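**Q** Got a structure here, written out as structure tokens. Questions coming.
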Amino acid sequence: MNKLFATIVSILVALGTAITPAVLVGADQDTLSVTANVGNITPYISSMTLDASSYDPTENSTTLVTATIRVWDGNGVADLNDSACKCEVDDTGVFSTPVSKYTNTSCEVVQDVDAYTREYRCSWNMDFYDSAGNYSTRFTAGDQAGTTSNDTATGSPNYDYTELVASYLDTTSISWTNPSFNTGNVSSDSPTIVYNSGNVALGLNITGANLTASGKPDLDVGWFSVAIYSNATDEITLTTGVQVITGASVPQGSDGTPNPDEVLYWFFDTPTTIQPATYTGNWILGEYKA
């Protein structure tokens, strides 16, 4: 019998007939539905640090602030959504409403610390005219499942932004070209424009001096005056002492007007007689926190 079965198999193989379990009498099959329910673990921010606790404004420019944060995800760093990592800044000591221009939605990946922890770097530029004070932060991280985590009250760092009293002028030269003799309030060739390049409102003062020319009598400082109006309204007469310029002020800058200004007009009460010469001297324009 065994020899007969072996002979039949040999013949079928020779004829190219495939023998599979499917053609065996009594064979069957079923489709199995397979489910693996892998739970998501919410990521969390494990550390947040700033590169400094206090920053000084940079005159008429920006100051870089950089934060480094680490995010842990129990599903592994590959589950983190890098584009969900962002930082926000509020200009108050307790985070409430973020300042939109300091919302950073493109924090950069620095490194994977281990299989579950990724390090990011977030940075933003403080404008020179931003108010001095204490600023708070909020950081947000997320994973591929759309789960997000943010932190404000626990470990989210604050930093101080200091005051900057600063300004610049359109020109440091004041001149009169051939002024008429014996005339009151002769305007200088051009006024002086004072721009605010810091983050506090400014008041202005002036310290005068006599003008001199070799071999000539001095031009007394009392013949000169300054005002914030071109018609010499509320002008003050210069002296060799420090004097506040009446009404002169330069407000703090803003996003819309980063460098507000004040215009100063200079006047010369020319004497009845004056010897021709080029008279020179130095006056000191002072800017102070108003």
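Starting from 1 in every chain, residues are counted up; chains themselves are A, B, ... following the order of the structure tokens, and ligands are numbered from 1 as listed.
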Need the shell around Lys101 of chain A: protein/DNA/RNA residues with any atom at most 9 Å away, counting only C-alpha atoms. Skip same-chain ones fewer than 3 positions apart. Format as a PyMOL selection string?
**A** chain A and resi 89+98+104+124
**Q** So that I have them on file, write out the residues from the current selection with all heavy atoms, as an mmCIF file, in the first residue's frame.
**A**
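Wrote it out as result-v8.cif, contents follow:
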```cif
data_model
loop_
_atom_site.group_PDB
_atom_site.id
_atom_site.type_symbol
_atom_site.label_atom_id
_atom_site.label_comp_id
_atom_site.auth_asym_id
_atom_site.auth_seq_id
_atom_site.Cartn_x
_atom_site.Cartn_y
_atom_site.Cartn_z
ATOM 1 N N VAL A 89 6.012 85.063 25.464
ATOM 2 C CA VAL A 89 6.561 86.002 26.443
ATOM 3 C C VAL A 89 5.481 87.022 26.801
ATOM 4 O O VAL A 89 4.752 87.505 25.925
ATOM 5 C CB VAL A 89 7.805 86.724 25.881
ATOM 6 C CG1 VAL A 89 8.363 87.713 26.899
ATOM 7 C CG2 VAL A 89 8.870 85.715 25.480
ATOM 8 N N PRO A 98 0.177 86.760 26.264
ATOM 9 C CA PRO A 98 1.455 86.832 25.568
ATOM 10 C C PRO A 98 1.540 88.048 24.649
ATOM 11 O O PRO A 98 0.544 88.499 24.092
ATOM 12 C CB PRO A 98 1.498 85.538 24.747
ATOM 13 C CG PRO A 98 0.065 85.159 24.565
ATOM 14 C CD PRO A 98 -0.637 85.610 25.808
ATOM 15 N N ASN A 104 7.272 82.581 19.674
ATOM 16 C CA ASN A 104 8.202 81.884 18.792
ATOM 17 C C ASN A 104 7.635 80.500 18.487
ATOM 18 O O ASN A 104 7.530 79.656 19.372
ATOM 19 C CB ASN A 104 9.574 81.762 19.476
ATOM 20 C CG ASN A 104 10.639 81.203 18.544
ATOM 21 O OD1 ASN A 104 10.345 80.375 17.688
ATOM 22 N ND2 ASN A 104 11.862 81.637 18.719
ATOM 23 N N TRP A 124 14.275 84.890 20.953
ATOM 24 C CA TRP A 124 13.516 86.042 20.475
ATOM 25 C C TRP A 124 14.329 87.295 20.714
ATOM 26 O O TRP A 124 15.202 87.342 21.582
ATOM 27 C CB TRP A 124 12.148 86.125 21.161
ATOM 28 C CG TRP A 124 12.184 86.186 22.655
ATOM 29 C CD1 TRP A 124 12.110 87.285 23.445
ATOM 30 C CD2 TRP A 124 12.286 85.069 23.552
ATOM 31 N NE1 TRP A 124 12.162 86.957 24.773
ATOM 32 C CE2 TRP A 124 12.266 85.589 24.867
ATOM 33 C CE3 TRP A 124 12.393 83.680 23.375
ATOM 34 C CZ2 TRP A 124 12.351 84.779 26.001
ATOM 35 C CZ3 TRP A 124 12.477 82.881 24.508
ATOM 36 C CH2 TRP A 124 12.452 83.428 25.787
#
```
**Q** Quick one: residues within 10 Å of Ala145 of chain A, only C-alpha atoms counted, chain neighbours fewer than 6 positions away excluded, as number ranges by chain?
**A** A: 40-42, 79-81
**Q** Going by DSSP on the backbone, which bits of segment 115-243 of chain A are strand (DSSP E)? Write them as a count of residues only, please.
**A** 52
**Q** With only C-alpha atoms as the counted atoms, please give the residues lying no more than 6 Å from segment 163-178 of chain A, apart from itself and same-chain residues fewer than 5 positions off, as a PyMOL selection string.
**A** chain A and resi 132+188-189+193-199
**Q** So how far away is atom CA of Asp114 of chain A from atom CA of Asn75 of chain A, in Å?
**A** 12.3 Å
**Q** Name all residues at most 7 Å from Gly184 of chain A (count only C-alpha atoms; drop same-chain ones fewer than 3 positions away) and give them as a PyMOL selection string.
**A** chain A and resi 268-270
**Q** Based on the selection just made, write N, CA and C atoms of those residues as a compact mmCIF listing (two decimals), in the first residue's frame.
**A**
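Now in result.txt:
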```txt
# COMPACT_ATOMS: atom_id res chain seq x y z
N PHE A 268 19.43 133.63 17.91
CA PHE A 268 20.57 134.49 18.19
C PHE A 268 20.08 135.94 18.16
N ASP A 269 20.17 136.63 19.32
CA ASP A 269 19.86 138.06 19.37
C ASP A 269 21.16 138.80 19.03
N THR A 270 21.30 139.14 17.78
CA THR A 270 22.59 139.72 17.34
C THR A 270 22.77 141.12 17.92
```
**Q** Which neighbours of Asn158 of chain A fall inside 8 Å, counting only C-alpha atoms, when residues of the same chain fewer than 6 positions from it are skipped, and could you give them as a list in words?
**A** Ser53, Gly93, Asn134, Tyr135, Ser136 and Thr137 of chain A
**Q** Just to be explicit: take each residue in the selection above, keep N, CA and C atoms, and write the result as a CSV table (one decimal), in the first residue's frame.
**A**
```csv
chain,number,residue,atom,x,y,z
A,53,SER,N,19.5,85.9,33.5
A,53,SER,CA,18.3,86.3,34.2
A,53,SER,C,18.0,87.8,34.0
A,93,GLY,N,5.2,90.2,35.3
A,93,GLY,CA,5.9,89.2,36.1
A,93,GLY,C,5.2,87.9,36.2
A,134,ASN,N,10.0,93.2,34.6
A,134,ASN,CA,10.1,91.8,34.7
A,134,ASN,C,9.2,91.1,33.6
A,135,TYR,N,9.7,90.2,32.9
A,135,TYR,CA,9.0,89.5,31.8
A,135,TYR,C,8.8,88.0,32.2
A,136,SER,N,7.7,87.4,31.9
A,136,SER,CA,7.4,86.0,32.2
A,136,SER,C,7.3,85.2,30.9
A,137,THR,N,7.5,83.9,31.0
A,137,THR,CA,7.5,83.1,29.8
A,137,THR,C,6.5,81.9,29.9
```
**Q** Excluding Ser187 of chain A and its own-chain neighbours fewer than 4 positions away, which residues fall within 9 Å of it when counting only C-alpha atoms? Please give them as number ranges by chain.
**A** A: 176, 179, 191, 230-232, 265-268
**Q** Return the single residue from A:Ala115, A:Val94, A:Val38, A:Cys122 that is closest to Ile69 of chain A, with distances computed using only C-alpha atoms.
**A**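 Among the listed residues, the smallest separation from Ile69 of chain A belongs to A:Cys122.
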**Q** For Thr49 of chain A, list every protein, DNA or RNA residue within 10 Å, evaluated using only C-alpha atoms, and leave out those in the same chain fewer than 4 positions away; present the list as a list in words.
**A** Ser53, Thr66, Ala67, Thr68, Ile69, Arg70, Arg121, Gly155, Ser156, Pro157 and Asn158 of chain A
**Q** Since we have the selection now, will you write its residues out, keeping N, CA and C atoms, as a tab-separated table (two decimals), in the first residue's frame?
**A**
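And here's again29.tsv as it stands now:
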```
chain	number	residue	atom	x	y	z
A	53	SER	N	19.51	85.94	33.47
A	53	SER	CA	18.33	86.35	34.24
A	53	SER	C	18.00	87.82	34.05
A	66	THR	N	17.64	83.86	24.75
A	66	THR	CA	17.61	82.46	24.34
A	66	THR	C	17.22	81.57	25.51
A	67	ALA	N	16.33	80.63	25.25
A	67	ALA	CA	15.89	79.66	26.26
A	67	ALA	C	16.17	78.25	25.76
A	68	THR	N	16.54	77.37	26.68
A	68	THR	CA	16.73	75.95	26.36
A	68	THR	C	15.73	75.15	27.17
A	69	ILE	N	14.95	74.28	26.50
A	69	ILE	CA	13.97	73.46	27.21
A	69	ILE	C	14.18	72.00	26.83
A	70	ARG	N	13.80	71.13	27.75
A	70	ARG	CA	13.86	69.69	27.50
A	70	ARG	C	12.45	69.11	27.65
A	121	ARG	N	15.86	74.70	21.50
A	121	ARG	CA	16.31	76.06	21.78
A	121	ARG	C	15.33	77.05	21.15
A	155	GLY	N	8.29	76.39	37.34
A	155	GLY	CA	9.62	76.37	36.74
A	155	GLY	C	9.80	77.19	35.49
A	156	SER	N	8.74	77.84	34.99
A	156	SER	CA	8.90	78.65	33.79
A	156	SER	C	9.64	79.94	34.15
A	157	PRO	N	10.75	80.23	33.52
A	157	PRO	CA	11.63	81.30	34.00
A	157	PRO	C	11.13	82.71	33.66
A	158	ASN	N	11.47	83.65	34.52
A	158	ASN	CA	11.28	85.08	34.29
A	158	ASN	C	12.63	85.74	34.06
```
**Q** Just checking: using only C-alpha atoms, which residue out of A:Ser123, A:Gln243, A:Asn259, A:Thr105 ends up closest to Asp51 of chain A?
**A**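 Smallest separation from Asp51 of chain A among the options: A:Ser123.
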**Q** I'd like the interatomic distance between atom CA of Tyr279 of chain A and atom CA of Ser214 of chain A, to a tenth of an Å.
**A**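 Atom-to-atom, atom CA of Tyr279 of chain A to atom CA of Ser214 of chain A, that is 8.4 Å.
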**Q** Between A:Ser54, A:Ser131, A:Gln144, A:Asn185, which is the closest to Asp160 of chain A once you count only C-alpha atoms?
**A**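 When distances to Asp160 of chain A are compared using only C-alpha atoms, the smallest one comes from A:Ser54.
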**Q** So how many Å separate atom CA of Val109 of chain A and atom CA of Gly142 of chain A, to one decimal?
**A**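 Distance between the two atoms: 13.4 Å.
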**Q** So which one's closest to Pro217 of chain A, A:Thr117, A:Ser106, A:Thr63, A:Thr273? Using only C-alpha atoms, please.
**A**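 The shortest atom-to-atom distance to Pro217 of chain A comes from A:Thr273.
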**Q** For Ser225 of chain A, which of A:Pro258, A:Trp283, A:Leu64, A:Val200 is the closest residue, counting only C-alpha atoms?
**A**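 Among the listed residues, the smallest separation from Ser225 of chain A belongs to A:Trp283.
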**Q** Give the answer as one residue: which of A:Cys87, A:Leu238, A:Cys107, A:Ile245 has the shortest atom-to-atom distance to Leu211 of chain A, using only C-alpha atoms?
**A**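 Closest to Leu211 of chain A, using only C-alpha atoms: A:Leu238.
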